[in-house]
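Engineer: The following file, final-v7.csv, comprises CSV, C-alpha atoms:
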chain,number,residue,atom,x,y,z
A,1,MET,CA,-1.5,-13.1,52.9
A,2,HIS,CA,0.3,-14.8,50.2
A,3,GLU,CA,4.0,-14.0,49.4
A,4,LEU,CA,4.3,-11.9,46.3
A,5,THR,CA,6.3,-13.0,43.3
A,6,THR,CA,9.4,-11.1,42.3
A,7,LYS,CA,7.5,-9.5,39.4
A,8,GLN,CA,4.6,-8.5,41.7
A,9,ASP,CA,6.9,-7.1,44.3
A,10,ARG,CA,8.8,-5.1,41.6
A,11,PHE,CA,5.4,-3.9,40.3
A,12,VAL,CA,4.4,-2.6,43.7
A,13,GLU,CA,7.8,-0.7,44.1
A,14,GLU,CA,7.4,0.9,40.6
A,15,TYR,CA,3.7,1.7,41.1
A,16,VAL,CA,4.2,3.7,44.3
A,17,THR,CA,6.8,6.0,42.6
A,18,ASP,CA,4.4,7.5,40.1
A,19,PHE,CA,1.1,5.6,40.3
A,20,ASN,CA,1.2,4.7,36.6
A,21,ALA,CA,0.2,1.0,36.6
A,22,SER,CA,1.0,0.2,32.9
A,23,ARG,CA,4.5,1.7,33.2
A,24,ALA,CA,5.0,-0.2,36.6
A,25,ALA,CA,4.0,-3.5,34.9
A,26,ILE,CA,6.5,-2.9,32.0
A,27,SER,CA,9.3,-2.0,34.5
A,28,ALA,CA,8.5,-5.1,36.5
A,29,GLY,CA,9.1,-7.3,33.5
A,30,TYR,CA,5.6,-7.9,32.1
A,31,SER,CA,5.0,-7.7,28.4
A,32,GLU,CA,4.4,-4.3,26.9
A,33,LYS,CA,1.5,-5.7,24.9
A,34,THR,CA,-0.3,-6.9,27.9
A,35,ALA,CA,1.0,-4.4,30.5
A,36,ARG,CA,-2.3,-2.5,30.7
A,37,SER,CA,-4.5,-5.5,31.4
A,38,ILE,CA,-1.9,-7.2,33.7
A,39,ALA,CA,-1.6,-3.9,35.7
A,40,SER,CA,-5.4,-3.7,36.0
A,41,GLU,CA,-5.6,-7.3,37.2
A,42,LEU,CA,-2.7,-6.8,39.7
A,43,LEU,CA,-4.4,-3.7,41.2
A,44,THR,CA,-7.5,-5.8,42.0
A,45,LYS,CA,-5.6,-8.4,44.0
A,46,PRO,CA,-5.9,-7.9,47.8
A,47,ASP,CA,-2.2,-8.9,48.4
A,48,ILE,CA,-1.0,-6.3,45.9
A,49,ARG,CA,-3.2,-3.6,47.3
A,50,ASN,CA,-2.0,-4.5,50.9
A,51,ALA,CA,1.6,-4.3,49.6
A,52,ILE,CA,1.0,-0.9,48.1
A,53,LYS,CA,-0.5,0.4,51.3
A,54,HIS,CA,2.4,-1.0,53.2
A,55,HIS,CA,4.9,0.7,50.9
A,56,LEU,CA,3.0,4.0,51.1
A,57,ASP,CA,2.9,3.8,54.9
A,58,LYS,CA,6.6,3.1,54.9
A,59,LEU,CA,7.2,6.1,52.7
A,60,SER,CA,5.0,8.2,54.9
A,61,THR,CA,7.1,7.2,58.0
A,62,GLU,CA,10.3,7.9,56.2
A,63,THR,CA,9.1,11.4,55.2
A,64,PHE,CA,8.1,12.2,58.7
A,65,ILE,CA,11.7,13.3,59.4
A,66,ASN,CA,11.4,15.9,56.6
A,67,ARG,CA,8.0,17.0,58.0
A,68,GLU,CA,9.5,17.4,61.5
A,69,MET,CA,12.4,19.4,60.1
A,70,ILE,CA,9.9,21.7,58.2
A,71,LEU,CA,7.8,22.2,61.3
A,72,THR,CA,10.8,22.9,63.5
A,73,GLY,CA,12.0,25.5,61.0
A,74,LEU,CA,8.6,27.2,60.8
A,75,LEU,CA,8.5,27.3,64.6
A,76,LYS,CA,11.9,28.8,64.8
A,77,GLU,CA,10.9,31.5,62.3
A,78,ALA,CA,7.6,32.1,64.1
A,79,MET,CA,9.4,32.6,67.4
A,80,ASP,CA,11.9,35.1,65.9
A,81,ARG,CA,14.8,32.7,66.1
A,82,GLY,CA,15.5,32.2,62.4
A,83,GLU,CA,18.4,33.9,60.6
A,84,ARG,CA,17.4,37.3,59.3
A,85,SER,CA,13.9,36.9,60.5
A,86,THR,CA,11.4,39.6,59.5
A,87,SER,CA,7.9,40.4,60.8
A,88,ALA,CA,6.4,39.3,57.5
A,89,ALA,CA,8.2,36.0,57.7
A,90,ARG,CA,7.0,35.4,61.3
A,91,VAL,CA,3.4,36.1,60.3
A,92,SER,CA,3.7,33.7,57.4
A,93,ALA,CA,5.3,31.0,59.6
A,94,TRP,CA,2.5,31.4,62.1
A,95,ASP,CA,-0.1,31.2,59.3
A,96,LYS,CA,1.5,28.0,57.9
A,97,LEU,CA,1.7,26.4,61.4
A,98,ALA,CA,-2.0,27.2,61.9
A,99,LYS,CA,-2.9,25.6,58.6
A,100,VAL,CA,-0.9,22.5,59.5
A,101,SER,CA,-2.5,22.2,62.9
A,102,GLY,CA,-6.0,22.4,61.3
A,103,LEU,CA,-6.9,25.7,63.0
A,104,TYR,CA,-8.6,26.9,59.8
A,105,LEU,CA,-10.8,23.8,59.4
A,106,ASP,CA,-14.1,23.3,61.1
A,107,VAL,CA,-14.0,19.6,60.2
A,108,GLN,CA,-10.8,17.5,60.1
A,109,VAL,CA,-10.2,16.1,56.6
A,110,THR,CA,-9.4,12.5,56.5
A,111,THR,CA,-7.9,11.0,53.4
A,112,THR,CA,-7.2,7.3,53.0
A,113,VAL,CA,-4.6,5.7,50.9
A,114,ASP,CA,-7.3,4.3,48.7
A,115,ASP,CA,-8.6,7.9,48.1
A,116,ILE,CA,-5.1,9.0,47.1
A,117,ILE,CA,-4.6,6.0,44.8
A,118,ARG,CA,-8.1,6.5,43.3
A,119,ASP,CA,-7.5,10.2,42.7
A,120,ILE,CA,-4.1,9.7,41.0
A,121,THR,CA,-5.5,6.9,38.9
A,122,GLN,CA,-8.4,9.1,37.9
A,123,ARG,CA,-6.1,12.0,36.9
A,124,ASN,CA,-3.9,9.6,34.9
A,125,ALA,CA,-7.0,8.2,33.1
A,126,ASP,CA,-8.3,11.8,32.5
A,127,SER,CA,-5.0,12.8,31.0
A,128,ARG,CA,-5.0,9.7,28.7
A,129,ALA,CA,-8.6,10.4,27.6
A,130,ILE,CA,-7.7,14.0,26.8
A,131,LYS,CA,-4.7,12.9,24.8
A,132,GLY,CA,-6.8,10.2,23.1
A,133,LEU,CA,-4.8,7.3,24.5
A,134,LEU,CA,-7.9,5.4,25.8
A,135,PRO,CA,-9.7,3.4,23.1
A,136,LYS,CA,-13.0,3.6,24.8
A,137,ASN,CA,-14.2,6.4,27.1
A,138,HIS,CA,-16.8,4.3,29.0
A,139,ILE,CA,-14.6,3.4,31.9
A,140,LYS,CA,-16.2,4.5,35.2
A,141,PHE,CA,-14.0,4.5,38.3
A,142,GLU,CA,-17.0,4.3,40.6
A,143,ASP,CA,-17.6,0.8,39.1
A,144,ILE,CA,-14.1,-0.4,40.2
A,145,PRO,CA,-14.4,-2.4,43.5
A,146,THR,CA,-12.7,-1.3,46.6
A,147,PHE,CA,-11.3,-3.8,49.1
A,148,ASP,CA,-10.9,-3.7,52.8
A,149,GLU,CA,-7.9,-4.9,54.7
A,150,ASN,CA,-9.2,-8.5,54.6
A,151,GLY,CA,-9.6,-8.5,50.9
A,152,TYR,CA,-13.4,-8.2,50.8
A,153,VAL,CA,-15.1,-6.0,48.4
A,154,ILE,CA,-16.7,-3.0,50.2
A,155,ARG,CA,-18.4,-1.4,47.2
Just dump the structure as structure tokens.
Structural biologist:
Amino acid sequence: MHELTTKQDRFVEEYVTDFNASRAAISAGYSEKTARSIASELLTKPDIRNAIKHHLDKLSTETFINREMILTGLLKEAMDRGERSTSAARVSAWDKLAKVSGLYLDVQVTTTVDDIIRDITQRNADSRAIKGLLPKNHIKFEDIPTFDENGYVIR
């Protein structure tokens, strides 16, 4: 893996905050005129995609503490140890714990980082299309290649 330039590293940091590639390119110091095309090009580079995955994994690890605190609070509530706990609150806490544990699902849902990025990018593009910000509406996200961890195109 090649070392990212300062601009590329800044682009990755900005991109993982709101998944708006053009805005991330501008914030990273690229020209406003070419931000959209530069951003598109950057997102196709395997090193950039790996850096984005790394940042998202890091954010996921950092938010685990918050997740643990939430689950601990729900468990306290469910076990009638919360302050001013009511029976309705206990039932709700048990329900939320069951959902988190996957009790209501027959099949475990697995979502990859690529799926999340693709979904957010699709929603951004859809909102731009509705607002008329896209000059052409022939962009198909299924035509955009996806890369594996080695940088090879998998579709």
Engineer: For a test of reading the model, state the distance in Å between atom CA of Asp95 of chain A and atom CA of Asp119 of chain A, rounded to one decimal.
Structural biologist: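 Pair atom CA of Asp95 of chain A / atom CA of Asp119 of chain A returns 27.8 Å.
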Engineer: Could you please determine the separation between atom CA of Val91 of chain A and atom CA of Leu103 of chain A in Å, to one decimal place?
Structural biologist: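 Separating atom CA of Val91 of chain A from atom CA of Leu103 of chain A is a distance of 14.9 Å.
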Engineer: In Å to one decimal, how far is atom CA of Ile70 of chain A from atom CA of Val16 of chain A?
Structural biologist: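 Atom CA of Ile70 of chain A lies 23.4 Å from atom CA of Val16 of chain A.
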Engineer: Write a file for segment 10-45 of chain A of the given structure; include N, CA and C atoms and format it as an mmCIF file, in the first residue's frame.
Structural biologist:
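Contents of decode-v6.cif, freshly written:
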data_model
loop_
_atom_site.group_PDB
_atom_site.id
_atom_site.type_symbol
_atom_site.label_atom_id
_atom_site.label_comp_id
_atom_site.auth_asym_id
_atom_site.auth_seq_id
_atom_site.Cartn_x
_atom_site.Cartn_y
_atom_site.Cartn_z
ATOM 1 N N ARG A 10 -6.330 14.011 4.108
ATOM 2 C CA ARG A 10 -7.355 14.967 4.552
ATOM 3 C C ARG A 10 -8.694 14.647 3.904
ATOM 4 N N PHE A 11 -8.667 14.256 2.617
ATOM 5 C CA PHE A 11 -9.889 13.862 1.914
ATOM 6 C C PHE A 11 -10.573 12.700 2.642
ATOM 7 N N VAL A 12 -9.795 11.703 3.032
ATOM 8 C CA VAL A 12 -10.350 10.539 3.728
ATOM 9 C C VAL A 12 -10.988 10.963 5.043
ATOM 10 N N GLU A 13 -10.295 11.807 5.806
ATOM 11 C CA GLU A 13 -10.832 12.278 7.088
ATOM 12 C C GLU A 13 -12.139 13.034 6.901
ATOM 13 N N GLU A 14 -12.196 13.885 5.883
ATOM 14 C CA GLU A 14 -13.411 14.656 5.626
ATOM 15 C C GLU A 14 -14.531 13.761 5.095
ATOM 16 N N TYR A 15 -14.171 12.807 4.258
ATOM 17 C CA TYR A 15 -15.177 11.942 3.632
ATOM 18 C C TYR A 15 -15.909 11.093 4.665
ATOM 19 N N VAL A 16 -15.213 10.571 5.659
ATOM 20 C CA VAL A 16 -15.869 9.710 6.638
ATOM 21 C C VAL A 16 -16.771 10.484 7.599
ATOM 22 N N THR A 17 -16.719 11.807 7.583
ATOM 23 C CA THR A 17 -17.605 12.567 8.466
ATOM 24 C C THR A 17 -19.021 12.659 7.923
ATOM 25 N N ASP A 18 -19.187 12.848 6.595
ATOM 26 C CA ASP A 18 -20.548 12.961 6.055
ATOM 27 C C ASP A 18 -20.749 12.238 4.727
ATOM 28 N N PHE A 19 -19.721 11.572 4.225
ATOM 29 C CA PHE A 19 -19.770 10.793 2.986
ATOM 30 C C PHE A 19 -20.168 11.630 1.772
ATOM 31 N N ASN A 20 -19.807 12.911 1.785
ATOM 32 C CA ASN A 20 -20.003 13.772 0.624
ATOM 33 C C ASN A 20 -18.619 13.984 0.011
ATOM 34 N N ALA A 21 -18.372 13.299 -1.094
ATOM 35 C CA ALA A 21 -17.033 13.275 -1.687
ATOM 36 C C ALA A 21 -16.606 14.642 -2.216
ATOM 37 N N SER A 22 -17.502 15.364 -2.877
ATOM 38 C CA SER A 22 -17.145 16.678 -3.424
ATOM 39 C C SER A 22 -16.766 17.649 -2.310
ATOM 40 N N ARG A 23 -17.575 17.677 -1.270
ATOM 41 C CA ARG A 23 -17.295 18.568 -0.141
ATOM 42 C C ARG A 23 -15.982 18.169 0.536
ATOM 43 N N ALA A 24 -15.718 16.865 0.627
ATOM 44 C CA ALA A 24 -14.466 16.387 1.229
ATOM 45 C C ALA A 24 -13.271 16.815 0.388
ATOM 46 N N ALA A 25 -13.409 16.765 -0.941
ATOM 47 C CA ALA A 25 -12.314 17.175 -1.826
ATOM 48 C C ALA A 25 -12.017 18.665 -1.657
ATOM 49 N N ILE A 26 -13.052 19.470 -1.582
ATOM 50 C CA ILE A 26 -12.870 20.922 -1.402
ATOM 51 C C ILE A 26 -12.214 21.196 -0.054
ATOM 52 N N SER A 27 -12.684 20.527 1.005
ATOM 53 C CA SER A 27 -12.104 20.713 2.338
ATOM 54 C C SER A 27 -10.651 20.249 2.395
ATOM 55 N N ALA A 28 -10.319 19.269 1.560
ATOM 56 C CA ALA A 28 -8.948 18.756 1.540
ATOM 57 C C ALA A 28 -8.002 19.672 0.779
ATOM 58 N N GLY A 29 -8.549 20.643 0.051
ATOM 59 C CA GLY A 29 -7.693 21.594 -0.646
ATOM 60 C C GLY A 29 -7.697 21.470 -2.155
ATOM 61 N N TYR A 30 -8.553 20.606 -2.698
ATOM 62 C CA TYR A 30 -8.651 20.498 -4.147
ATOM 63 C C TYR A 30 -9.518 21.642 -4.683
ATOM 64 N N SER A 31 -9.368 21.957 -5.949
ATOM 65 C CA SER A 31 -10.095 23.047 -6.588
ATOM 66 C C SER A 31 -11.600 22.777 -6.567
ATOM 67 N N GLU A 32 -12.378 23.839 -6.327
ATOM 68 C CA GLU A 32 -13.838 23.692 -6.332
ATOM 69 C C GLU A 32 -14.350 23.300 -7.714
ATOM 70 N N LYS A 33 -13.683 23.786 -8.757
ATOM 71 C CA LYS A 33 -14.120 23.473 -10.123
ATOM 72 C C LYS A 33 -13.990 21.988 -10.435
ATOM 73 N N THR A 34 -12.934 21.369 -9.933
ATOM 74 C CA THR A 34 -12.669 19.971 -10.268
ATOM 75 C C THR A 34 -12.945 19.021 -9.107
ATOM 76 N N ALA A 35 -13.537 19.520 -8.040
ATOM 77 C CA ALA A 35 -13.728 18.710 -6.830
ATOM 78 C C ALA A 35 -14.530 17.446 -7.115
ATOM 79 N N ARG A 36 -15.562 17.568 -7.903
ATOM 80 C CA ARG A 36 -16.422 16.413 -8.174
ATOM 81 C C ARG A 36 -15.666 15.310 -8.916
ATOM 82 N N SER A 37 -14.930 15.669 -9.948
ATOM 83 C CA SER A 37 -14.201 14.653 -10.716
ATOM 84 C C SER A 37 -13.023 14.098 -9.921
ATOM 85 N N ILE A 38 -12.346 14.955 -9.176
ATOM 86 C CA ILE A 38 -11.236 14.493 -8.329
ATOM 87 C C ILE A 38 -11.760 13.526 -7.271
ATOM 88 N N ALA A 39 -12.887 13.884 -6.661
ATOM 89 C CA ALA A 39 -13.467 13.036 -5.621
ATOM 90 C C ALA A 39 -13.834 11.671 -6.188
ATOM 91 N N SER A 40 -14.437 11.668 -7.358
ATOM 92 C CA SER A 40 -14.799 10.411 -8.006
ATOM 93 C C SER A 40 -13.560 9.564 -8.282
ATOM 94 N N GLU A 41 -12.525 10.202 -8.762
ATOM 95 C CA GLU A 41 -11.268 9.499 -9.051
ATOM 96 C C GLU A 41 -10.643 8.959 -7.763
ATOM 97 N N LEU A 42 -10.649 9.766 -6.713
ATOM 98 C CA LEU A 42 -10.055 9.335 -5.448
ATOM 99 C C LEU A 42 -10.772 8.111 -4.881
ATOM 100 N N LEU A 43 -12.094 8.080 -5.014
ATOM 101 C CA LEU A 43 -12.858 6.973 -4.455
ATOM 102 C C LEU A 43 -12.640 5.660 -5.203
ATOM 103 N N THR A 44 -12.065 5.729 -6.389
ATOM 104 C CA THR A 44 -11.780 4.498 -7.134
ATOM 105 C C THR A 44 -10.398 3.928 -6.803
ATOM 106 N N LYS A 45 -9.571 4.694 -6.115
ATOM 107 C CA LYS A 45 -8.217 4.237 -5.799
ATOM 108 C C LYS A 45 -8.253 3.275 -4.606
#
